[in-house]
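One file, entry_34.txt, carrying compact mmCIF, C-alpha atoms:
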```
# COMPACT_ATOMS: atom_id res chain seq x y z
CA MET A 1 91.59 28.46 -167.74
CA ARG A 2 93.53 28.90 -164.51
CA ALA A 3 96.81 30.68 -164.21
CA PRO A 4 99.66 28.19 -163.54
CA TRP A 5 100.52 29.93 -160.29
CA SER A 6 96.93 29.87 -158.82
CA LEU A 7 96.97 26.31 -157.42
CA PRO A 8 100.32 26.69 -155.59
CA LEU A 9 99.16 30.05 -154.23
CA PHE A 10 95.86 28.56 -153.03
CA ALA A 11 97.68 25.64 -151.37
CA SER A 12 100.06 28.05 -149.64
CA VAL A 13 97.23 30.21 -148.32
CA VAL A 14 95.33 27.18 -146.98
CA SER A 15 98.48 25.80 -145.34
CA LEU A 16 99.19 29.15 -143.72
CA ALA A 17 95.61 29.32 -142.45
CA PHE A 18 95.95 25.89 -140.77
CA VAL A 19 99.21 26.93 -139.15
CA LEU A 20 97.70 30.20 -137.87
CA VAL A 21 94.68 28.40 -136.43
CA ALA A 22 96.91 25.87 -134.68
CA ILE A 23 99.08 28.63 -133.21
CA THR A 24 96.30 30.97 -132.10
CA ASP A 25 93.48 28.57 -131.18
CA GLN A 26 93.23 28.50 -127.40
CA SER A 27 89.74 27.06 -127.16
CA PRO A 28 88.93 24.68 -124.29
CA ALA A 29 88.39 21.92 -126.84
CA MET A 30 92.14 22.02 -127.50
CA ALA A 31 93.05 22.08 -123.80
CA MET A 32 93.68 18.87 -121.91
CA GLU A 33 91.81 19.70 -118.72
CA VAL A 34 91.44 22.92 -116.79
CA SER A 35 90.41 23.30 -113.18
CA ALA A 36 90.24 26.17 -110.79
CA PRO A 37 91.72 25.76 -107.32
CA ALA A 38 89.02 24.92 -104.81
CA PRO A 39 88.78 24.22 -101.10
CA GLN A 40 88.90 20.54 -100.12
CA HIS A 41 85.18 20.43 -99.30
CA GLU A 42 84.16 21.82 -102.71
CA PRO A 43 85.46 19.60 -105.53
CA GLN A 44 84.89 21.30 -108.86
CA VAL A 45 84.59 20.21 -112.46
CA LEU A 46 84.65 22.46 -115.49
CA ALA A 47 82.17 22.12 -118.30
CA ALA A 48 83.86 23.60 -121.38
CA THR A 49 82.76 24.66 -124.85
CA ASP A 50 84.59 26.67 -127.51
CA ASP A 51 83.75 30.05 -125.99
CA TYR A 52 82.68 29.33 -122.44
CA VAL A 53 83.74 27.48 -119.34
CA SER A 54 80.61 26.63 -117.33
CA GLY A 55 78.79 29.46 -119.11
CA ILE A 56 81.41 32.04 -118.15
CA ASP A 57 83.50 34.06 -120.56
CA LEU A 58 86.99 32.53 -120.65
CA ALA A 59 88.56 35.82 -119.61
CA GLU A 60 86.57 35.74 -116.36
CA TRP A 61 86.57 32.03 -115.47
CA LYS A 62 89.44 32.23 -112.96
CA THR A 63 87.44 34.44 -110.62
CA SER A 64 84.12 32.61 -110.92
CA LYS A 65 82.60 29.62 -109.16
CA VAL A 66 82.46 26.56 -111.38
CA VAL A 67 79.51 24.17 -111.81
CA THR A 68 79.94 20.92 -109.87
CA TYR A 69 78.23 17.73 -110.99
CA GLY A 70 77.48 14.92 -108.55
CA VAL A 71 78.14 16.90 -105.37
CA ALA A 72 75.20 18.22 -103.40
CA PRO A 73 74.95 20.64 -100.50
CA ALA A 74 74.76 19.07 -97.04
CA ALA A 75 71.19 18.06 -96.28
CA GLY A 76 71.52 18.12 -92.50
CA THR A 77 69.62 15.91 -90.07
CA PRO A 78 66.01 15.23 -91.06
CA ASP A 79 63.10 15.52 -88.64
CA PRO A 80 62.17 12.12 -87.15
CA GLY A 81 59.28 10.35 -88.85
CA THR A 82 59.57 12.26 -92.13
CA ALA A 83 60.15 10.77 -95.55
CA MET A 84 63.66 12.22 -95.44
CA SER A 85 64.44 10.39 -92.18
CA ILE A 86 63.13 7.15 -93.69
CA ALA A 87 65.41 7.74 -96.68
CA LEU A 88 68.41 8.42 -94.43
CA GLU A 89 67.88 5.06 -92.70
CA MET A 90 67.57 3.26 -96.04
CA VAL A 91 70.61 4.99 -97.52
CA THR A 92 72.82 4.06 -94.56
CA ALA A 93 71.40 0.51 -94.56
CA ARG A 94 72.73 0.16 -98.11
CA GLY A 95 76.18 1.17 -96.87
CA TRP A 96 76.13 4.55 -98.55
CA GLY A 97 77.51 7.60 -96.73
CA THR A 98 76.03 10.96 -95.93
CA ASP A 99 77.33 12.31 -99.25
CA GLN A 100 74.92 9.93 -101.00
CA TYR A 101 72.09 11.07 -98.74
CA ASP A 102 72.91 14.70 -99.58
CA CYS A 103 72.69 13.88 -103.30
CA LEU A 104 69.39 12.04 -102.79
CA VAL A 105 67.89 14.98 -100.91
CA ALA A 106 68.97 17.40 -103.64
CA LEU A 107 67.63 15.10 -106.37
CA TRP A 108 64.22 14.50 -104.81
CA ASN A 109 63.90 18.13 -103.71
CA LYS A 110 64.18 18.96 -107.41
CA GLU A 111 61.88 16.17 -108.56
CA SER A 112 59.01 16.23 -106.05
CA ARG A 113 59.93 18.26 -102.97
CA TRP A 114 59.52 14.93 -101.16
CA ASN A 115 55.76 14.98 -101.76
CA VAL A 116 54.40 11.43 -101.76
CA TYR A 117 51.48 12.60 -103.94
CA ALA A 118 53.53 14.67 -106.41
CA HIS A 119 52.20 14.22 -109.93
CA ASN A 120 53.69 15.63 -113.11
CA ALA A 121 50.70 16.31 -115.34
CA ARG A 122 52.90 16.57 -118.44
CA SER A 123 54.77 13.29 -118.11
CA GLY A 124 52.60 11.32 -115.69
CA ALA A 125 55.49 10.78 -113.26
CA TYR A 126 54.36 10.20 -109.68
CA GLY A 127 55.53 10.24 -106.09
CA ILE A 128 58.74 11.16 -104.31
CA PRO A 129 61.03 9.52 -106.91
CA GLN A 130 58.77 10.61 -109.82
CA ALA A 131 58.39 7.10 -111.20
CA LEU A 132 57.07 6.92 -114.75
CA PRO A 133 54.52 5.47 -114.68
CA GLY A 134 53.89 5.63 -110.94
CA SER A 135 52.46 2.11 -110.95
CA LYS A 136 56.01 0.78 -111.45
CA MET A 137 56.44 1.30 -107.72
CA ALA A 138 53.93 -1.52 -107.06
CA THR A 139 56.93 -3.85 -107.28
CA ALA A 140 57.98 -2.41 -103.89
CA GLY A 141 54.50 -2.62 -102.31
CA ALA A 142 50.78 -2.41 -102.97
CA ASP A 143 50.63 0.88 -101.06
CA TRP A 144 52.97 2.60 -103.55
CA ALA A 145 50.58 5.52 -104.16
CA THR A 146 50.48 6.67 -100.52
CA ASN A 147 53.42 5.23 -98.56
CA PRO A 148 56.68 7.17 -98.59
CA ALA A 149 58.68 4.13 -97.42
CA THR A 150 57.45 2.09 -100.39
CA GLN A 151 58.26 4.90 -102.82
CA ILE A 152 61.70 5.43 -101.31
CA THR A 153 62.44 1.69 -101.42
CA TRP A 154 61.53 1.58 -105.10
CA GLY A 155 63.37 4.84 -105.86
CA LEU A 156 66.62 3.70 -104.22
CA GLY A 157 66.45 0.39 -106.10
CA TYR A 158 65.94 2.23 -109.38
CA ILE A 159 68.81 4.62 -108.64
CA GLN A 160 71.19 1.82 -107.68
CA ALA A 161 70.33 -0.25 -110.76
CA ARG A 162 70.55 2.63 -113.23
CA TYR A 163 73.15 5.04 -111.77
CA GLY A 164 75.00 3.08 -109.08
CA ASP A 165 74.19 5.52 -106.30
CA PRO A 166 72.31 8.77 -105.60
CA CYS A 167 75.28 10.99 -106.52
CA GLY A 168 75.41 9.28 -109.91
CA ALA A 169 71.70 10.04 -110.39
CA TRP A 170 72.17 13.61 -109.15
CA ALA A 171 75.07 14.20 -111.54
CA HIS A 172 73.00 12.88 -114.44
CA SER A 173 70.07 15.08 -113.43
CA GLN A 174 72.30 18.14 -113.29
CA ARG A 175 73.72 17.44 -116.74
CA VAL A 176 70.49 16.65 -118.60
CA GLY A 177 67.66 17.82 -116.34
CA TRP A 178 66.18 14.43 -115.44
CA TYR A 179 67.21 11.07 -114.04
```
Target encoding structure tokens, full file:
Amino acid sequence: MRAPWSLPLFASVVSLAFVLVAITDQSPAMAMEVSAPAPQHEPQVLAATDDYVSGIDLAEWKTSKVVTYGVAPAAGTPDPGTAMSIALEMVTARGWGTDQYDCLVALWNKESRWNVYAHNARSGAYGIPQALPGSKMATAGADWATNPATQITWGLGYIQARYGDPCGAWAHSQRVGWY
């Protein structure tokens, strides 16, 4: 048998606990949006969890660089005749800017280092864009296994259809590790 005062006491303690949590909880999940000031050429986005902002202790986040998704370092001018120069021509032909080319370079550096023969033994992905299976690229040309232009054509079509543009694919790759 319960004491007649136990239920009101329990309800009061629980109510007080909710009030205290609401007053003291300063987790990022409760915040609207937080961003650190950044120079114009470095847009930044915060990735927040309960205890961390971009993997940094909340007490230190103001002085730390924040992870940026979808923005890549400048790729520079590629050497003529390389796969990267072919890609630059194709990117600009689609009406995309150098920012999109920068994202593409970062993405395919990560995926294959621009190696036309790159093969992932674990997944079976192949070529510059790491198509899975590589034979998918035959839709862009019969020489898909050896021709960088064919692989780049297929890869840009895939990126546009699935992510809209290379920066969309790069942002996805940064978030989840693949595109």
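With distances taken over all atoms listed in the file, A:Ile159 is the one residue among A:Leu104, A:Ile159, A:Ala74, A:Ile86 lying closest to Ala131 in chain A.
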Students should find that CA of Lys136 in chain A and CA of Ala75 in chain A are spaced 27.6 Å
Of A:Asn115, A:Thr77, A:Thr92, A:Thr82, the one sitting nearest Asp165 in chain A when using only C-alpha atoms is A:Thr92
Please report, as AutoDock Vina command-line options, the centre and edge lengths in Å to one decimal of an axis-aligned box covering all listed atoms of range 109-113 of chain A with 5 Å per side.
```
--center_x 61.6 --center_y 17.6 --center_z -105.8 --size_x 15.2 --size_y 12.8 --size_z 15.6
```
I need every residue sitting at most 8 Å from the point (68.1, 4.2, -102.4) (coordinates as in the file, all atoms listed in the file considered), written as a compact mmCIF listing (two decimals) with C-alpha atoms, in the frame of the given file.
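Result file is part14.txt:
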```txt
# COMPACT_ATOMS: atom_id res chain seq x y z
CA ALA A 87 65.41 7.74 -96.68
CA MET A 90 67.57 3.26 -96.04
CA VAL A 91 70.61 4.99 -97.52
CA ARG A 94 72.73 0.16 -98.11
CA LEU A 104 69.39 12.04 -102.79
CA ILE A 152 61.70 5.43 -101.31
CA THR A 153 62.44 1.69 -101.42
CA TRP A 154 61.53 1.58 -105.10
CA GLY A 155 63.37 4.84 -105.86
CA LEU A 156 66.62 3.70 -104.22
CA GLY A 157 66.45 0.39 -106.10
CA TYR A 158 65.94 2.23 -109.38
CA ILE A 159 68.81 4.62 -108.64
CA GLN A 160 71.19 1.82 -107.68
CA ASP A 165 74.19 5.52 -106.30
CA PRO A 166 72.31 8.77 -105.60
```
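The spacing separating CA of Leu88 in chain A from CA of Tyr101 in chain A amounts to 6.3 Å.
In this structure, CA of Val71 in chain A sits 6.6 Å away from CA of Cys103 in chain A.
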Note to self: as JSON, numbers by chain, please: the residues near Pro133 in chain A (cut-off 12 Å, all atoms listed in the file, same-chain neighbours under 3 positions excluded).
What the structure shows: {"A": [119, 120, 121, 122, 123, 124, 125, 126, 127, 129, 130, 136, 137, 138, 144, 145]}
Across A:Ala3, A:Leu132, A:Leu107, A:Ala83, the smallest distance to Gly168 in chain A, with only C-alpha atoms counted, is shown by A:Leu107
